[in-house]
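Just upload.txt here, compact mmCIF, C-alpha atoms:
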```txt
# COMPACT_ATOMS: atom_id res chain seq x y z
CA MET A 1 23.31 16.93 54.45
CA GLU A 2 24.60 20.46 54.76
CA ILE A 3 25.32 22.48 51.65
CA ASP A 4 28.36 24.72 52.01
CA ASN A 5 28.70 27.13 49.10
CA ARG A 6 32.08 28.22 50.45
CA ASN A 7 33.63 24.84 49.85
CA GLN A 8 37.41 25.22 50.01
CA GLN A 9 38.11 22.21 47.76
CA THR A 10 41.14 23.16 45.66
CA GLN A 11 41.06 20.30 43.16
CA LEU A 12 38.47 18.24 41.37
CA PRO A 13 36.91 15.28 43.25
CA TYR A 14 38.49 12.75 40.89
CA GLU A 15 37.45 9.60 42.76
CA LYS A 16 33.82 10.68 42.90
CA LEU A 17 33.76 11.80 39.26
CA ALA A 18 35.10 8.36 38.31
CA LEU A 19 31.83 6.88 39.61
CA LEU A 20 30.13 8.84 36.83
CA GLY A 21 32.42 7.44 34.16
CA ILE A 22 34.69 10.52 34.19
CA ASP A 23 38.31 9.49 34.75
CA ARG A 24 41.08 11.93 35.66
CA GLU A 25 42.02 12.67 32.04
CA LYS A 26 38.43 13.40 31.07
CA ALA A 27 37.91 15.51 34.21
CA ASP A 28 40.98 17.63 33.46
CA ARG A 29 39.61 18.31 29.98
CA LEU A 30 36.37 19.79 31.35
CA PRO A 31 35.98 23.52 30.52
CA GLN A 32 37.55 25.82 33.10
CA GLU A 33 34.21 27.50 33.93
CA PHE A 34 32.70 24.11 34.77
CA ARG A 35 35.65 23.00 36.92
CA GLN A 36 35.70 26.32 38.77
CA LYS A 37 32.02 26.13 39.65
CA LEU A 38 32.49 22.60 40.94
CA VAL A 39 35.44 23.35 43.24
CA ASP A 40 33.71 26.53 44.47
CA GLY A 41 30.72 24.52 45.63
CA GLU A 42 28.35 26.01 43.04
CA VAL A 43 25.76 24.13 40.98
CA THR A 44 27.32 23.33 37.60
CA PRO A 45 25.75 23.55 34.14
CA LEU A 46 24.18 20.37 32.72
CA MET A 47 26.46 17.55 31.65
CA GLN A 48 25.89 14.06 30.27
CA VAL A 49 27.38 11.18 32.26
CA SER A 50 27.35 7.40 32.18
CA ILE A 51 26.72 5.48 35.40
CA THR A 52 27.21 1.73 35.73
CA ALA A 53 24.34 0.24 37.75
CA ARG A 54 24.78 -2.70 40.10
CA ASN A 55 23.27 -5.04 37.51
CA GLY A 56 26.00 -4.03 35.07
CA ASN A 57 23.79 -1.86 32.85
CA VAL A 58 25.19 1.52 31.84
CA ILE A 59 22.77 4.43 32.35
CA THR A 60 23.43 7.61 30.38
CA LEU A 61 21.72 10.65 31.84
CA PRO A 62 21.98 14.46 32.03
CA LEU A 63 22.56 16.04 35.43
CA LYS A 64 24.11 18.92 37.33
CA LEU A 65 26.77 18.51 40.02
CA GLN A 66 27.67 20.28 43.24
CA MET A 67 30.38 19.73 45.84
CA ALA A 68 29.32 20.11 49.47
CA LEU A 69 30.41 19.18 52.98
CA ASP A 70 28.55 16.72 55.18
CA GLN A 71 28.20 16.90 58.97
CA THR A 72 31.69 15.48 59.47
CA GLY A 73 33.29 17.98 57.09
CA GLN A 74 33.87 15.38 54.39
CA ALA A 75 33.38 16.38 50.75
CA VAL A 76 30.27 14.94 49.11
CA LEU A 77 29.39 15.11 45.43
CA ILE A 78 25.69 15.82 44.88
CA ALA A 79 24.08 14.94 41.55
CA TYR A 80 20.90 16.66 40.38
CA PRO A 81 19.50 14.47 37.55
CA VAL A 82 16.96 15.87 35.10
CA ARG A 83 13.46 14.74 36.06
CA LYS A 84 9.99 15.15 34.65
CA ALA A 85 8.65 16.56 37.89
CA LEU A 86 9.55 17.31 41.49
CA ASP A 87 10.91 14.15 43.16
CA GLU A 88 8.23 12.94 45.59
CA GLU A 89 10.82 11.00 47.61
CA LYS A 90 12.72 14.26 48.19
CA VAL A 91 9.47 15.93 49.20
CA ARG A 92 8.96 13.27 51.87
CA GLU A 93 12.60 13.43 52.98
CA LEU A 94 12.36 17.18 53.55
CA ARG A 95 8.87 16.77 55.06
CA LEU A 96 7.39 19.36 52.73
CA THR A 97 3.69 20.10 53.01
CA THR A 98 1.51 20.09 49.90
CA ASN A 99 1.52 23.88 49.98
CA GLU A 100 5.31 24.08 50.30
CA ALA A 101 5.84 21.68 47.39
CA GLU A 102 3.46 23.72 45.24
CA ARG A 103 5.27 26.95 46.12
CA LEU A 104 8.57 25.38 44.99
CA ARG A 105 6.97 24.36 41.70
CA LYS A 106 5.88 27.98 41.21
CA GLY A 107 9.44 29.22 41.69
CA ASP A 108 9.28 30.43 45.30
CA VAL A 109 12.23 30.17 47.67
CA LEU A 110 11.34 28.54 50.99
CA GLN A 111 13.01 28.79 54.37
CA LYS A 112 12.53 25.60 56.34
CA ALA A 113 14.05 23.79 59.32
CA ILE A 114 15.62 20.58 57.98
CA ASP A 115 16.38 17.67 60.31
CA ILE A 116 19.96 16.49 59.72
CA ASN A 117 21.09 13.64 61.96
CA GLY A 118 18.64 14.70 64.64
CA GLU A 119 19.58 18.38 64.52
CA LYS A 120 17.29 20.93 62.87
CA THR A 121 18.98 23.60 60.78
CA GLN A 122 17.36 26.41 58.80
CA HIS A 123 17.78 25.99 55.04
CA TYR A 124 16.69 27.84 51.93
CA LEU A 125 15.07 25.56 49.35
CA GLN A 126 14.59 26.33 45.66
CA LEU A 127 13.57 24.23 42.67
CA ASP A 128 15.98 24.23 39.73
CA PRO A 129 13.61 24.67 36.75
CA GLU A 130 15.85 22.73 34.39
CA THR A 131 16.39 19.54 36.38
CA LYS A 132 13.33 19.74 38.68
CA SER A 133 15.73 19.00 41.56
CA ILE A 134 15.67 20.89 44.86
CA ILE A 135 18.71 23.03 45.62
CA GLN A 136 19.25 23.67 49.32
CA ARG A 137 21.70 25.76 51.32
CA LYS A 138 22.00 26.61 54.98
CA VAL A 139 20.56 30.03 55.76
CA ASN A 140 23.74 31.01 57.61
CA ASP A 141 25.86 30.22 54.54
CA ILE A 142 24.05 32.82 52.42
CA LYS A 143 24.95 35.61 54.89
CA VAL A 144 21.79 37.56 54.08
CA GLU A 145 22.45 40.29 56.63
CA GLN A 146 25.86 41.03 55.12
CA ARG A 147 24.43 41.01 51.59
CA ILE A 148 21.82 43.57 52.65
CA LYS A 149 24.42 45.79 54.35
CA ASP A 150 26.71 45.67 51.30
CA MET A 151 23.85 46.58 48.99
CA GLU A 152 22.72 49.43 51.23
CA LYS A 153 26.26 50.81 51.39
CA VAL A 154 26.81 50.69 47.64
CA ASN A 155 23.43 52.23 46.80
CA ASP A 156 23.28 54.61 49.81
CA ILE A 157 19.86 53.35 50.88
CA GLU A 158 18.31 51.60 53.85
CA LEU A 159 15.80 48.78 53.63
CA GLY A 160 12.79 48.97 55.90
CA THR A 161 12.17 46.38 58.60
CA GLN A 162 9.44 44.68 56.55
CA GLN A 163 11.60 44.58 53.42
CA LYS A 164 14.53 43.04 55.30
CA GLN A 165 12.25 40.38 56.75
CA GLN A 166 10.92 39.59 53.28
CA VAL A 167 14.44 38.94 52.03
CA ARG A 168 15.29 36.84 55.09
CA ASP A 169 12.17 34.75 54.44
CA GLY A 170 13.28 34.10 50.86
CA LYS A 171 10.87 36.54 49.22
CA PRO A 172 12.14 39.23 46.80
CA ALA A 173 11.80 42.84 47.98
CA GLU A 174 11.16 45.82 45.71
CA LEU A 175 13.08 49.06 46.44
CA ASN A 176 13.29 52.58 45.10
CA VAL A 177 16.90 53.60 44.43
CA GLY A 178 17.44 57.09 43.06
CA GLY A 179 13.98 57.11 41.53
CA GLU A 180 14.46 53.70 39.91
CA LYS A 181 12.97 50.36 40.93
CA VAL A 182 15.35 47.64 42.12
CA THR A 183 14.37 44.15 43.31
CA VAL A 184 16.60 42.03 45.54
CA GLY A 185 16.23 38.53 46.94
CA ILE A 186 17.52 35.01 47.48
CA ASP A 187 18.40 33.02 44.36
CA LEU A 188 20.29 29.79 45.06
CA LYS A 189 21.29 29.48 41.42
CA GLU A 190 23.52 32.51 41.88
CA PRO A 191 27.10 31.96 43.16
CA GLN A 192 26.44 33.89 46.39
CA GLY A 193 22.79 32.84 46.66
CA PHE A 194 21.68 36.49 46.32
CA ARG A 195 20.56 38.54 43.33
CA VAL A 196 19.87 42.20 42.48
CA VAL A 197 17.65 43.07 39.48
CA LYS A 198 17.10 46.51 38.00
CA GLY A 199 13.32 46.68 37.82
CA ASP A 200 10.18 45.88 39.78
CA MET A 201 8.79 42.55 40.97
CA LYS A 202 7.41 41.75 37.51
CA GLU A 203 10.87 42.26 36.03
CA TRP A 204 12.32 39.89 38.66
CA GLU A 205 9.85 37.18 37.66
CA ARG A 206 10.36 37.89 33.94
CA GLN A 207 14.13 37.55 34.21
CA GLN A 208 13.82 34.31 36.19
CA LYS A 209 11.84 32.81 33.32
CA LEU A 210 14.02 34.36 30.60
CA ARG A 211 17.26 33.05 32.06
CA TYR A 212 15.89 29.52 31.93
CA ASP A 213 14.24 29.76 28.50
CA GLU A 214 17.12 31.59 26.78
CA LEU A 215 20.04 29.75 28.33
CA HIS A 216 18.54 26.30 27.91
CA PRO A 217 16.13 26.32 24.94
CA GLU A 218 16.94 22.70 24.09
CA TYR A 219 18.71 21.47 27.23
CA ILE A 220 22.22 22.29 26.10
CA GLY A 221 24.95 20.71 28.20
CA LEU A 222 28.44 19.24 28.18
CA VAL A 223 28.84 16.04 26.18
CA GLN A 224 32.04 14.05 25.81
CA THR A 225 32.98 13.75 22.13
CA ASP A 226 34.90 10.98 20.34
CA LYS A 227 38.05 13.11 20.61
CA ASN A 228 37.95 12.75 24.40
CA ALA A 229 37.02 16.41 24.66
CA TRP A 230 33.90 18.14 25.96
CA GLU A 231 31.54 20.19 23.84
CA TYR A 232 28.26 21.95 24.49
CA LYS A 233 25.58 20.02 22.64
CA GLN A 234 21.90 19.20 22.98
CA VAL A 235 21.73 16.83 25.94
CA VAL A 236 17.98 16.34 26.21
CA ASP A 237 15.15 17.55 24.02
CA ARG A 238 12.75 19.61 26.13
CA HIS A 239 9.81 17.41 25.11
CA SER A 240 11.62 14.10 25.43
CA THR A 241 10.36 11.41 27.79
CA GLU A 242 14.03 10.66 28.50
CA ARG A 243 13.78 13.32 31.15
CA ALA A 244 11.92 10.79 33.30
CA ILE A 245 14.79 9.02 35.03
CA ASN A 246 14.47 5.84 37.08
CA LEU A 247 17.47 5.39 39.34
CA ASP A 248 18.41 2.25 41.25
CA PRO A 249 17.20 3.01 44.82
CA ASP A 250 20.38 1.44 46.20
CA ARG A 251 22.41 4.14 44.46
CA LYS A 252 20.47 7.05 45.92
CA ARG A 253 23.13 7.46 48.61
CA ASP A 254 26.43 5.66 48.74
CA ARG A 255 28.06 6.73 51.99
CA ASN A 256 31.35 5.04 51.16
CA SER A 257 31.72 6.72 47.80
CA GLY A 258 30.50 10.15 48.91
CA MET A 259 27.95 10.32 46.10
CA LYS A 260 24.37 11.45 46.54
CA MET A 261 21.54 11.52 44.00
```
Would it be possible to restate this file's structure as structure tokens?
Amino acid sequence: MEIDNRNQQTQLPYEKLALLGIDREKADRLPQEFRQKLVDGEVTPLMQVSITARNGNVITLPLKLQMALDQTGQAVLIAYPVRKALDEEKVRELRLTTNEAERLRKGDVLQKAIDINGEKTQHYLQLDPETKSIIQRKVNDIKVEQRIKDMEKVNDIELGTQQKQQVRDGKPAELNVGGEKVTVGIDLKEPQGFRVVKGDMKEWERQQKLRYDELHPEYIGLVQTDKNAWEYKQVVDRHSTERAINLDPDRKRDRNSGMKM
């Protein structure tokens, strides 16, 4: 399925959210920042939802959401549940080699041709450190060339051929701007899929780790309270075995509902 970070959805996907136990009233009470990220096609913060399985059991689990468009242009709601480790089924689906899977675990961004309905399209792949789910976006949607041109214009610099290729390949590139180090690169967790850091390559790596550790020290996420409101609370303890989620295989993809796990 194709990820389109420029999703032009203007309202919340109420029917799809209802599959997660979030009716229209509850959806409208979600914080504005969360709703905006969802309609913009960005990956949302963590939230706790309740899904009714086919056997009638209710499964409560933490996940992140993202709206995207499939090959036919229809809106699809993607759920990234919190897992203990990289999903091996996803690894097989994307036909990742052992080396590619290991690079994702280490925090690298990969560029890979993904087969979608018989057509191969170049995608960037990145592992979300919090959920251990793979975020993917079409290379063309990131508009790397335009990002580079905009950055060069603002900073009055010009990246070398090798540096530009590094960025295109998903690797951060270190620059010297006015005597100061600046590192730029692909980061699918960012709204535009691109990030600029003041500092060298070590600072880039340090900030990647800090953002995760500081923003989510105890897996804070949105939880519905008894007052039918949403509050940021501890969703999952970082050492809890609850992070290992077993989903009903039949619910991995429901084409009629437009939900994908």
Compare A:Phe194, A:Gln11, A:Met67, A:Val144 by their minimum atom-to-atom distance to Arg24 (chain A), counting all atoms listed in the file, and give me the closest one.
A:Gln11
Given all atoms listed in the file as the basis, pick out the residue of A:Arg83, A:Lys233, A:Lys164, A:Arg92 nearest to Asp128 (chain A).
A:Arg83
Test item: which residues lie within 10 Å of (13.4, 37.6, 53.8) counting all atoms listed in the file, as a PyMOL selection string:
chain A and resi 109-111+144-145+162-173+184-186
Go ahead and write the residues just picked, C-alpha atoms, as a tab-separated table (two decimals), keeping the file's coordinate frame.
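What follows is the written file part11.tsv:
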```tsv
chain	number	residue	atom	x	y	z
A	109	VAL	CA	12.23	30.17	47.67
A	110	LEU	CA	11.34	28.54	50.99
A	111	GLN	CA	13.01	28.79	54.37
A	144	VAL	CA	21.79	37.56	54.08
A	145	GLU	CA	22.45	40.29	56.63
A	162	GLN	CA	9.44	44.68	56.55
A	163	GLN	CA	11.60	44.58	53.42
A	164	LYS	CA	14.53	43.04	55.30
A	165	GLN	CA	12.25	40.38	56.75
A	166	GLN	CA	10.92	39.59	53.28
A	167	VAL	CA	14.44	38.94	52.03
A	168	ARG	CA	15.29	36.84	55.09
A	169	ASP	CA	12.17	34.75	54.44
A	170	GLY	CA	13.28	34.10	50.86
A	171	LYS	CA	10.87	36.54	49.22
A	172	PRO	CA	12.14	39.23	46.80
A	173	ALA	CA	11.80	42.84	47.98
A	184	VAL	CA	16.60	42.03	45.54
A	185	GLY	CA	16.23	38.53	46.94
A	186	ILE	CA	17.52	35.01	47.48
```
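Between Pro31 (chain A) and the candidates A:Leu104, A:Ile116, A:Met47, A:Ala18, the tightest atom-to-atom separation, counting all atoms listed in the file, involves A:Met47.
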Residues near Ile22 (chain A), cut-off 12 Å, only C-alpha atoms, skip fewer than 2 positions along chain, as a list of chain:residue names:
A:Leu12, A:Pro13, A:Tyr14, A:Glu15, A:Lys16, A:Leu17, A:Ala18, A:Leu19, A:Leu20, A:Arg24, A:Glu25, A:Lys26, A:Ala27, A:Asp28, A:Arg29, A:Leu30, A:Met47, A:Gln48, A:Val49, A:Ser50, A:Ile51, A:Thr52, A:Val223, A:Gln224, A:Asn228, A:Ala229, A:Trp230
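Shortest separation to Leu127 (chain A) among A:Leu61, A:Val177, A:Val91, A:Leu86 occurs at residue A:Leu86, atoms counted being only C-alpha atoms.
Across the model, the gap from CA of Gln136 (chain A) to CA of Ala85 (chain A) is 17.1 Å.
Among A:Lys132, A:Lys112, A:Arg95, A:Glu119, the residue with the shortest atom-to-atom distance to Leu63 (chain A), counting all atoms listed in the file, is A:Lys132.
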Go through A:Leu94, A:Ala75, A:Leu125, A:Leu65 and flag the residue nearest Lys138 (chain A), using only C-alpha atoms for the distances.
A:Leu125
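Our summary of the geometry notes that CA of Val39 (chain A) is positioned 10.5 Å from CA of Leu77 (chain A).
For the pair CA of Glu42 (chain A) and CA of Arg137 (chain A), the interatomic distance is 10.6 Å.
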Within 6 Å of (20.1, 31.4, 49.6) in the file's own coordinates, which protein, DNA or RNA residues have an atom, counting only C-alpha atoms? List them as a list in words.
Tyr124, Ile142, Ile186, Asp187, Leu188 and Gly193 of chain A
With C-alpha atoms retained, could you export that selection as a PDB file, in the frame of the given file?
```
ATOM      1  CA  TYR A 124      16.690  27.840  51.930  1.00  0.00           C
ATOM      2  CA  ILE A 142      24.050  32.820  52.420  1.00  0.00           C
ATOM      3  CA  ILE A 186      17.520  35.010  47.480  1.00  0.00           C
ATOM      4  CA  ASP A 187      18.400  33.020  44.360  1.00  0.00           C
ATOM      5  CA  LEU A 188      20.290  29.790  45.060  1.00  0.00           C
ATOM      6  CA  GLY A 193      22.790  32.840  46.660  1.00  0.00           C
TER       7      GLY A 193
END
```
